[in-house]
file final.cif (mmCIF, C-alpha atoms)
data_upload
#
loop_
_atom_site.label_atom_id
_atom_site.label_comp_id
_atom_site.auth_asym_id
_atom_site.auth_seq_id
_atom_site.Cartn_x
_atom_site.Cartn_y
_atom_site.Cartn_z
CA MET M 17 -5.70 -20.77 40.86
CA ALA M 18 -8.32 -18.48 39.35
CA GLU M 19 -7.90 -17.09 35.86
CA ARG M 20 -7.42 -13.35 35.50
CA ARG M 21 -8.74 -11.25 32.65
CA ASP M 22 -6.40 -8.72 31.03
CA ASP M 23 -6.98 -5.05 31.71
CA PRO M 24 -8.57 -3.10 28.84
CA GLY M 25 -6.06 -2.61 26.05
CA PRO M 26 -4.92 0.54 24.31
CA ASP M 27 -6.68 1.98 21.28
CA HIS M 28 -4.93 0.55 18.21
CA ALA M 29 -6.89 2.55 15.62
CA PRO M 30 -4.65 3.74 12.77
CA GLU M 31 -3.88 7.34 11.84
CA VAL M 32 -5.54 7.90 8.45
CA THR M 33 -4.35 10.48 5.92
CA ARG M 34 -6.08 11.17 2.62
CA LEU M 35 -3.73 12.00 -0.26
CA ALA M 36 -4.35 14.40 -3.15
CA ILE M 37 -5.83 11.60 -5.30
CA GLU M 38 -9.47 10.78 -4.62
CA GLY M 39 -9.77 7.49 -2.72
CA VAL M 40 -6.06 7.07 -1.95
CA ILE M 41 -5.39 6.88 1.78
CA VAL M 42 -2.31 6.07 3.80
CA GLU M 43 -2.46 4.66 7.30
CA ARG M 44 -0.05 4.41 10.20
CA PHE M 45 -0.77 1.38 12.35
CA PRO M 46 0.19 2.03 15.98
CA THR M 47 2.58 -0.43 17.56
CA VAL M 48 2.29 -1.34 21.22
CA ARG M 49 5.59 -2.42 22.73
CA TYR M 50 5.62 -4.93 25.55
CA GLU M 51 8.13 -6.99 27.49
CA HIS M 52 8.82 -9.56 24.74
CA GLY M 53 8.34 -7.53 21.57
CA ALA M 54 5.59 -5.54 19.91
CA LEU M 55 2.04 -5.90 18.66
CA THR M 56 0.70 -4.04 15.63
CA GLU M 57 -2.96 -4.40 14.77
CA ILE M 58 -3.53 -4.12 11.01
CA VAL M 59 -7.15 -5.14 10.34
CA ASN M 60 -10.11 -4.40 12.55
CA ALA M 61 -13.62 -4.38 11.10
CA SER M 62 -14.63 -1.49 13.36
CA TRP M 63 -12.15 0.97 11.79
CA GLY M 64 -13.90 1.32 8.43
CA ASP M 65 -11.15 2.89 6.30
CA MET M 66 -8.52 0.74 4.60
CA PHE M 67 -10.26 -2.56 5.32
CA ALA M 68 -13.90 -1.47 5.15
CA GLN M 69 -14.37 -4.04 2.37
CA PRO M 70 -13.55 -7.71 2.99
CA ILE M 71 -10.24 -9.18 1.84
CA GLY M 72 -10.65 -11.03 -1.45
CA HIS M 73 -7.03 -12.13 -1.95
CA LEU M 74 -4.12 -11.84 0.45
CA TYR M 75 -0.50 -12.30 -0.55
CA MET M 76 2.97 -11.28 0.52
CA LEU M 77 5.61 -9.78 -1.77
CA ASP M 78 9.29 -10.06 -0.81
CA ASN M 79 11.83 -8.22 -2.98
CA ALA M 80 15.51 -7.49 -2.88
CA GLY M 81 16.48 -3.92 -3.57
CA PRO M 82 17.04 -1.12 -3.77
CA ARG M 83 15.65 -0.66 -7.27
CA ALA M 84 12.79 1.01 -9.11
CA ARG M 85 10.22 -0.51 -11.41
CA ASP M 86 10.21 1.24 -14.76
CA GLU M 87 6.54 0.66 -15.50
CA TRP M 88 3.08 1.58 -14.26
CA TYR M 89 0.36 -0.84 -13.14
CA VAL M 90 -3.38 -0.33 -13.00
CA HIS M 91 -6.47 -2.39 -12.17
CA HIS M 92 -9.89 -1.58 -13.63
CA VAL M 93 -11.83 -3.41 -10.91
CA VAL M 94 -9.41 -4.39 -8.12
CA THR M 95 -8.44 -2.18 -5.18
CA ASP M 96 -4.92 -2.78 -3.82
CA ARG M 97 -4.31 -2.40 -0.08
CA TYR M 98 -0.61 -2.59 0.72
CA VAL M 99 0.83 -2.98 4.21
CA LEU M 100 4.62 -2.61 4.39
CA VAL M 101 6.02 -5.15 6.83
CA ASP M 102 9.74 -4.50 6.31
CA GLY M 103 11.89 -2.05 4.36
CA MET M 104 11.19 1.31 2.77
CA LEU M 105 9.03 1.81 -0.29
CA ASP M 106 8.19 4.81 -2.47
CA LEU M 107 4.97 4.79 -4.48
CA ALA M 108 4.11 6.91 -7.49
CA LEU M 109 0.36 7.22 -8.05
CA PHE M 110 -1.35 8.73 -11.10
CA ASP M 111 -5.11 9.24 -11.42
CA ALA M 112 -6.28 8.49 -14.97
CA ARG M 113 -9.94 7.84 -14.04
CA ASP M 114 -12.47 9.58 -16.27
CA GLY M 115 -14.77 11.71 -14.15
CA SER M 116 -12.51 11.64 -11.11
CA PRO M 117 -12.18 15.04 -9.41
CA THR M 118 -8.42 14.38 -9.24
CA ASN M 119 -7.97 13.13 -12.83
CA GLY M 120 -4.43 13.91 -13.99
CA GLU M 121 -3.07 14.25 -10.43
CA LEU M 122 0.34 12.68 -9.68
CA VAL M 123 1.42 11.91 -6.10
CA VAL M 124 4.62 10.35 -4.80
CA THR M 125 4.49 9.03 -1.24
CA SER M 126 6.59 6.79 0.97
CA LEU M 127 5.74 3.88 3.22
CA LEU M 128 7.80 2.89 6.24
CA PRO M 129 7.75 -0.50 7.92
CA ILE M 130 5.21 -1.33 10.60
CA GLY M 131 6.37 0.16 13.88
CA ALA M 132 8.15 3.12 12.27
CA ASP M 133 6.98 6.69 12.71
CA GLY M 134 5.12 7.02 9.43
CA PRO M 135 2.48 5.38 7.24
CA SER M 136 2.77 1.64 6.62
CA GLY M 137 -0.42 1.08 4.64
CA VAL M 138 -1.96 2.51 1.49
CA THR M 139 -5.23 1.97 -0.36
CA ILE M 140 -5.00 2.29 -4.16
CA PRO M 141 -8.43 2.36 -5.83
CA ALA M 142 -9.14 0.79 -9.20
CA GLY M 143 -8.17 3.14 -12.02
CA VAL M 144 -5.19 4.70 -10.23
CA TRP M 145 -1.88 3.86 -11.93
CA HIS M 146 0.94 2.99 -9.52
CA SER M 147 4.62 2.10 -9.49
CA PHE M 148 7.20 1.18 -6.81
CA ARG M 149 10.70 2.11 -5.84
CA TYR M 150 12.30 -0.10 -3.18
CA ARG M 151 14.65 2.00 -1.04
CA SER M 152 16.07 -0.71 1.20
CA GLU M 153 18.02 -3.92 0.76
CA ARG M 154 14.87 -5.91 1.50
CA MET M 155 11.23 -5.00 1.12
CA MET M 156 8.31 -7.10 2.29
CA LEU M 157 4.68 -6.12 1.88
CA ILE M 158 1.27 -7.71 2.19
CA ASN M 159 -1.41 -6.93 -0.40
CA ALA M 160 -5.05 -7.45 0.60
CA LYS M 161 -6.84 -7.09 -2.74
CA VAL M 162 -10.56 -6.70 -3.17
CA PRO M 163 -12.05 -8.42 -5.09
CA GLY M 164 -9.85 -11.50 -5.32
CA TYR M 165 -7.43 -12.36 -8.11
CA ASN M 166 -8.96 -13.94 -11.23
CA ARG M 167 -6.32 -16.22 -12.78
CA GLU M 168 -8.24 -16.66 -16.06
CA ALA M 169 -8.67 -12.92 -16.64
CA PRO M 170 -6.18 -10.95 -14.50
CA ASP M 171 -7.23 -7.38 -13.84
CA LYS M 172 -3.71 -5.98 -14.22
CA TYR M 173 -2.53 -3.72 -17.02
CA ARG M 174 0.90 -2.17 -17.61
CA LEU M 175 2.41 0.86 -19.34
CA PRO M 176 6.06 1.86 -19.63
CA MET M 177 7.51 4.99 -18.04
CA PRO M 178 7.09 7.62 -19.43
CA ASN M 179 3.88 7.31 -21.47
CA GLU M 180 1.03 9.35 -22.96
CA HIS M 181 -0.49 9.97 -19.50
CA THR M 182 2.58 11.20 -17.62
CA ASP M 183 6.25 11.85 -18.22
CA PHE M 184 7.12 10.68 -14.68
CA ARG M 185 10.11 8.38 -14.30
CA TRP M 186 11.90 7.30 -11.14
CA SER M 187 15.34 8.31 -12.40
CA ALA M 188 14.23 11.97 -12.45
CA HIS M 189 12.76 11.81 -8.91
CA PRO M 190 15.37 12.14 -6.14
CA VAL M 191 15.35 9.76 -3.21
CA PRO M 192 14.14 11.66 -0.12
#

call {"tool": "encode", "arguments": {"input": "final.cif", "output": "structure tokens"}}
result
Amino acid sequence: MAERRDDPGPDHAPEVTRLAIEGVIVERFPTVRYEHGALTEIVNASWGDMFAQPIGHLYMLDNAGPRARDEWYVHHVVTDRYVLVDGMLDLALFDARDGSPTNGELVVTSLLPIGADGPSGVTIPAGVWHSFRYRSERMMLINAKVPGYNREAPDKYRLPMPNEHTDFRWSAHPVP
């Protein structure tokens, strides 16, 4: 019996949206349903947006929720690239970068799981403070950092909510 090549596949390129903070993008990865399930392409070197730079460190975070983190996180060198696999997640983002055209801007956005009708991925550039609120009983995300994690000198800094940069706190922000 002769082998048969598959027909050309559908375009899996993500829908890219740029948020009000310079360098922050959200992406919706299209899901193709088939007889036994679904396929969602997340990384393709030809796309050029979220994964234009190589992956330096890849890990998965699995949390029980719902709950909000009451602190901010920032990296001075590392870019976070989150892909939400399961659950619902709200992100607060605050631009404290000197010289950034969006310095002082605060954005709250939501991620939905892969296959849902909404963004599942976000790129958070170095210098942008961020915090999470898990809105589902379980949340699972993949983080594809660039550059990789340095165990001897972690590039992760924290501030409580509120702080001298912003008075934002999750308790004052209603769940959509």

call {"tool": "resolve_selection", "arguments": {"input": "final.cif", "expression": "the PyMOL selection byres ((chain M and resi 150-165) around 8)", "output": "VMD selection string"}}
result
chain M and resid 69 to 84 93 to 106 148 to 149 166 to 167 170 to 171

call {"tool": "closest_residue", "arguments": {"input": "final.cif", "among": "M:Gly115, M:Pro141, M:Glu87, M:Ala132", "to": "Pro176 (chain M)", "atoms": "all atoms listed in the file"}}
result
M:Glu87

call {"tool": "resolve_selection", "arguments": {"input": "final.cif", "expression": "the PyMOL selection byres ((chain M and resi 116) around 12)", "output": "compact mmCIF listing (two decimals) with C-alpha atoms, in the frame of the given file"}}
result
# COMPACT_ATOMS: atom_id res chain seq x y z
CA ALA M 36 -4.35 14.40 -3.15
CA ILE M 37 -5.83 11.60 -5.30
CA GLU M 38 -9.47 10.78 -4.62
CA GLY M 39 -9.77 7.49 -2.72
CA PHE M 110 -1.35 8.73 -11.10
CA ASP M 111 -5.11 9.24 -11.42
CA ALA M 112 -6.28 8.49 -14.97
CA ARG M 113 -9.94 7.84 -14.04
CA ASP M 114 -12.47 9.58 -16.27
CA GLY M 115 -14.77 11.71 -14.15
CA PRO M 117 -12.18 15.04 -9.41
CA THR M 118 -8.42 14.38 -9.24
CA ASN M 119 -7.97 13.13 -12.83
CA GLY M 120 -4.43 13.91 -13.99
CA GLU M 121 -3.07 14.25 -10.43
CA PRO M 141 -8.43 2.36 -5.83
CA ALA M 142 -9.14 0.79 -9.20
CA GLY M 143 -8.17 3.14 -12.02
CA VAL M 144 -5.19 4.70 -10.23

call {"tool": "atom_distance", "arguments": {"input": "final.cif", "atom1": "CA of Ile41 (chain M)", "atom2": "CA of Val191 (chain M)"}}
result
21.5 Å

call {"tool": "closest_residue", "arguments": {"input": "final.cif", "among": "M:Pro46, M:Pro190, M:Gly64, M:Gly53", "to": "Pro129 (chain M)", "atoms": "only C-alpha atoms"}}
result
M:Pro46

call {"tool": "atom_distance", "arguments": {"input": "final.cif", "atom1": "CA of His28 (chain M)", "atom2": "CA of Arg44 (chain M)"}}
result
10.1 Å
